[in-house]
Protein chains: 2
Amino acid sequence: MSTPLSRPGKKDIEDRLAFIISATQASATVILPYFRSPLIVDHKQGQGRFDPVTEADRAGEEIIRKMIEETYPDDAIFGEEFGKKSGTSPYCWVLDPIDGTRSFISGIPLWGTLIGLTFNGSALMGAMNQPYIGELFLGSPQGSIVLKDGHETRLKTRRCAKLSNALMGSTAPEIFDKPEDLAAFERVKSAVKLTRFGGDCYLYSLVAAGQLDLVVETGLNAYDIAALVPIVENAGGIITTWEGSPASDGGRIMAAGCAELHEATLQLLQG
Amino acid sequence: MSTPLSRPGKKDIEDRLAFIISATQASATVILPYFRSPLIVDHKQGQGRFDPVTEADRAGEEIIRKMIEETYPDDAIFGEEFGKKSGTSPYCWVLDPIDGTRSFISGIPLWGTLIGLTFNGSALMGAMNQPYIGELFLGSPQGSIVLKDGHETRLKTRRCAKLSNALMGSTAPEIFDKPEDLAAFERVKSAVKLTRFGGDCYLYSLVAAGQLDLVVETGLNAYDIAALVPIVENAGGIITTWEGSPASDGGRIMAAGCAELHEATLQLLQG
């Protein structure tokens with residue numbers, strides 16, 4: 001039986017989409033001044049990877065958390081920089097103010113501000129904002145879209161049934177720090193037409209846009225992926241762990257534009 | 001003794017800079033409609049690498065060549081798509097309408113339209129235009145700048161004397177198709193702080209902008225690099241072959257933001 005809290009209503013989804021757009025605009029105003037400027041970079045140890053944290057990262061998350069606490073005080077929050085705040089509603093905001101910090105410190109505009117929203121633990125809606133380019137990717141039960149220069153374009157993954165025709169993206173060969181994971185990735189890399197390195201969150205948005213067919217990565221945290229799940233899924237794509245489980249808690253993640261490619265890639269990854 | 005043709009005058013440089021800006025605008029109008037659209041990709045065999053040629057590539061070069069032939073009929077032209085046209089002036093235009101076709105077909109806005117101009121065989125000025133982002137990088141004896149959203153920002157490389165502090169960019173590990181070149185690249189990669197894959201012409205522009213310290217690549221053609229040499233050099237950087245020779249004919253190329261880093265990298269590359 002459906003209760004008022006068993007799933008969010010249309011009005012609530014629309015209100016929260018509008019809120020997410022406001023939050024991306026606010027975070028962009030504090031993050032953008034740091035992009036392509038000299039930065040104070042300090043190094044955070046995260047699973048042995050190079051994971052710089054910047055002032056921009058902290059400032060971006062602070063402003064988004066403040067907006068959430070004002071507008072949705074009952075919701076939980078989980079952010080990369082400032083951790084977890086528990087809530088009393090079914091909603092949890094999952095935040096990564098700068099996903100792709102290595103791109104950010106290199107001046108490459110393929111980083112993004114990720115704002116995800118889960119409902120009873122399941123990914124509900126999400127945003128990937130790239131303010132230097134001026135692109136906002138949004139996914140929700142109303143569908144997936146990209147906003148740029150005042151234009152709204154609906155996102156749709158493309159069908160690519162054969163691995164040999166697939167264009168794959170992945171952040172870097174170095175992220176596969178376990179030999180067996182690297183071997184699994186190499187099996188897929190040998191099977192696809194082209195692999196493009198570099199991109200982080202931007203790559204998942206390009207799967208949603210029907211430009212890339214596949215993303216294969218490891219070592220993701222929930223805040224790296226929760227916002228991207230609704231963007232990929234509501235564009236027609238499939239995003240799971242390498243075991244085929246829900247992706248929004250992170251781990252070893254794979255996104256594909258169609259079911260056939262997802263299945264073929266799962267088989268290769270699992271050996 | 002200096003003759004009128006021994007070097008270009010200030011007025012000629014200004015006129016030709018204005019012409020280059022017009023040419024980037026014209027080529028953008030024919031190239032951009034293909035970006036993020038379904039494309040007919042055919043495969044050109046070029047040194048064993050994946051080198052797709054698109055309709056956009058051809059249309060972009062056609063419009064630039066037409067403009068050159070109308071405005072500067074005596075100049076030579078060397079373009080990626082339509083080859084060489086000889087001239088009677090000391091000038092040669094070196095064109096790559098879409099450098100980074102792998103980025104282009106993947107929906108990643110790190111490709112660029114390259115328009116270079118040599119004078120008596122030496123790089124004189126150049127442009128790297130990324131019209132989806134709306135960025136135009138320009139280098140000439142008047143200095144290097146980037147134009148975005150109506151703002152002009154002067155480009156200046158940064159000093160990074162130690163390899164261990166350097167951020168390096170390179171298009172992909174696969175471009176090093178000779179084992180000894182890959183080994184040389186790996187020596188540099190092991191010495192620097194961070195290596196970012198993916199980017200083509202965009203990486204050289206980021207060295208000029210003082211965001212990256214180093215680019216190391218192989219297998220470049222003249223049209224991949226001639227336009228980028230003036231952007232890097234007039235921002236204070238050093239760009240040569242791995243042997244330290246002029247870069248504008250292509251080959252194995254290295255760009256560094258400062259002389260110390262250039263020297264240290266040369267030594268590592270030469271083993």
# chains A, B, ... in the order shown; residues from 1 in each chain; ligands from 1
>>> residues_around(residues="segment 261-267 of chain B", least_positions_apart="5", cutoff="12 Å", atoms="only C-alpha atoms", output="PyMOL selection string")
chain B and resi 157-168+184-192+212-216+236-245+252-256
>>> write_last_selection(atoms="C-alpha atoms", output="mmCIF file, in the first residue's frame")
data_model
loop_
_atom_site.group_PDB
_atom_site.id
_atom_site.type_symbol
_atom_site.label_atom_id
_atom_site.label_comp_id
_atom_site.auth_asym_id
_atom_site.auth_seq_id
_atom_site.Cartn_x
_atom_site.Cartn_y
_atom_site.Cartn_z
ATOM 1 C CA THR B 157 53.339 30.113 -18.354
ATOM 2 C CA ARG B 158 54.299 29.350 -14.773
ATOM 3 C CA ARG B 159 57.726 28.526 -13.440
ATOM 4 C CA CYS B 160 58.073 24.984 -12.153
ATOM 5 C CA ALA B 161 61.752 24.169 -11.888
ATOM 6 C CA LYS B 162 61.335 20.697 -10.370
ATOM 7 C CA LEU B 163 59.918 17.738 -12.270
ATOM 8 C CA SER B 164 58.490 16.407 -8.997
ATOM 9 C CA ASN B 165 56.145 19.417 -8.830
ATOM 10 C CA ALA B 166 55.096 19.344 -12.479
ATOM 11 C CA LEU B 167 51.623 18.641 -13.846
ATOM 12 C CA MET B 168 51.960 16.918 -17.222
ATOM 13 C CA ALA B 184 61.229 7.667 -22.333
ATOM 14 C CA PHE B 185 57.719 8.951 -21.652
ATOM 15 C CA GLU B 186 57.402 6.596 -18.668
ATOM 16 C CA ARG B 187 60.623 8.023 -17.204
ATOM 17 C CA VAL B 188 59.079 11.482 -17.278
ATOM 18 C CA LYS B 189 55.710 10.210 -16.033
ATOM 19 C CA SER B 190 57.428 8.581 -13.038
ATOM 20 C CA ALA B 191 59.195 11.847 -12.229
ATOM 21 C CA VAL B 192 56.274 14.299 -12.396
ATOM 22 C CA LEU B 212 49.914 22.641 -16.880
ATOM 23 C CA ASP B 213 53.714 22.598 -16.700
ATOM 24 C CA LEU B 214 54.523 20.037 -19.356
ATOM 25 C CA VAL B 215 53.233 18.227 -22.439
ATOM 26 C CA VAL B 216 55.094 15.236 -23.899
ATOM 27 C CA GLY B 236 56.902 32.399 -21.998
ATOM 28 C CA GLY B 237 57.080 28.665 -22.617
ATOM 29 C CA ILE B 238 59.509 26.494 -24.537
ATOM 30 C CA ILE B 239 58.359 24.007 -27.148
ATOM 31 C CA THR B 240 60.757 21.804 -29.110
ATOM 32 C CA THR B 241 61.255 18.283 -30.370
ATOM 33 C CA TRP B 242 62.730 15.734 -27.953
ATOM 34 C CA GLU B 243 66.081 16.628 -29.541
ATOM 35 C CA GLY B 244 65.628 20.329 -28.756
ATOM 36 C CA SER B 245 64.971 21.321 -32.386
ATOM 37 C CA ARG B 252 58.251 13.964 -30.995
ATOM 38 C CA ILE B 253 57.235 17.138 -29.186
ATOM 39 C CA MET B 254 57.699 18.547 -25.702
ATOM 40 C CA ALA B 255 56.361 21.815 -24.294
ATOM 41 C CA ALA B 256 57.390 23.210 -20.927
#
>>> closest_atom_pairs(of="chain A", to="chain B", cutoff="6 Å", atoms="only C-alpha atoms", output="Markdown table")
| residue | atom | partner | partner_atom | distance |
| --- | --- | --- | --- | --- |
| A:Ser106 | CA | B:Gln211 | CA | 5.3 |
| A:Gly107 | CA | B:Gln211 | CA | 5.4 |
| A:Ile133 | CA | B:Ile133 | CA | 5.1 |
| A:Phe197 | CA | B:Phe197 | CA | 5.7 |
| A:Gly198 | CA | B:Phe197 | CA | 5.7 |
| A:Gln211 | CA | B:Ser106 | CA | 5.3 |
| A:Leu212 | CA | B:Ser106 | CA | 5.6 |
>>> atom_distance(atom1="atom CA of Ala208 of chain B", atom2="atom CA of Glu55 of chain A")
24.0 Å
>>> closest_residue(among="B:Leu220, B:Leu17, B:Ala235, B:Cys92", to="Asn120 of chain B", atoms="only C-alpha atoms")
B:Cys92
>>> residues_around(residues="segment 67-79 of chain A", least_positions_apart="6", cutoff="7 Å", atoms="only C-alpha atoms", output="PyMOL selection string")
chain A and resi 85-89+91-96+223
>>> atom_distance(atom1="atom CA of Ala127 of chain A", atom2="atom CA of Val229 of chain A")
9.7 Å
>>> atom_distance(atom1="atom CA of Val232 of chain A", atom2="atom CA of Ile20 of chain A")
17.2 Å
>>> closest_residue(among="B:Glu174, B:Glu233, B:Asp15, B:Glu260", to="Thr218 of chain B", atoms="only C-alpha atoms")
B:Glu174
>>> residues_around(residues="Ile231 of chain A", least_positions_apart="4", cutoff="8 Å", atoms="only C-alpha atoms", output="PyMOL selection string")
chain A and resi 125-127+137-140+143-145+205+208+227+235
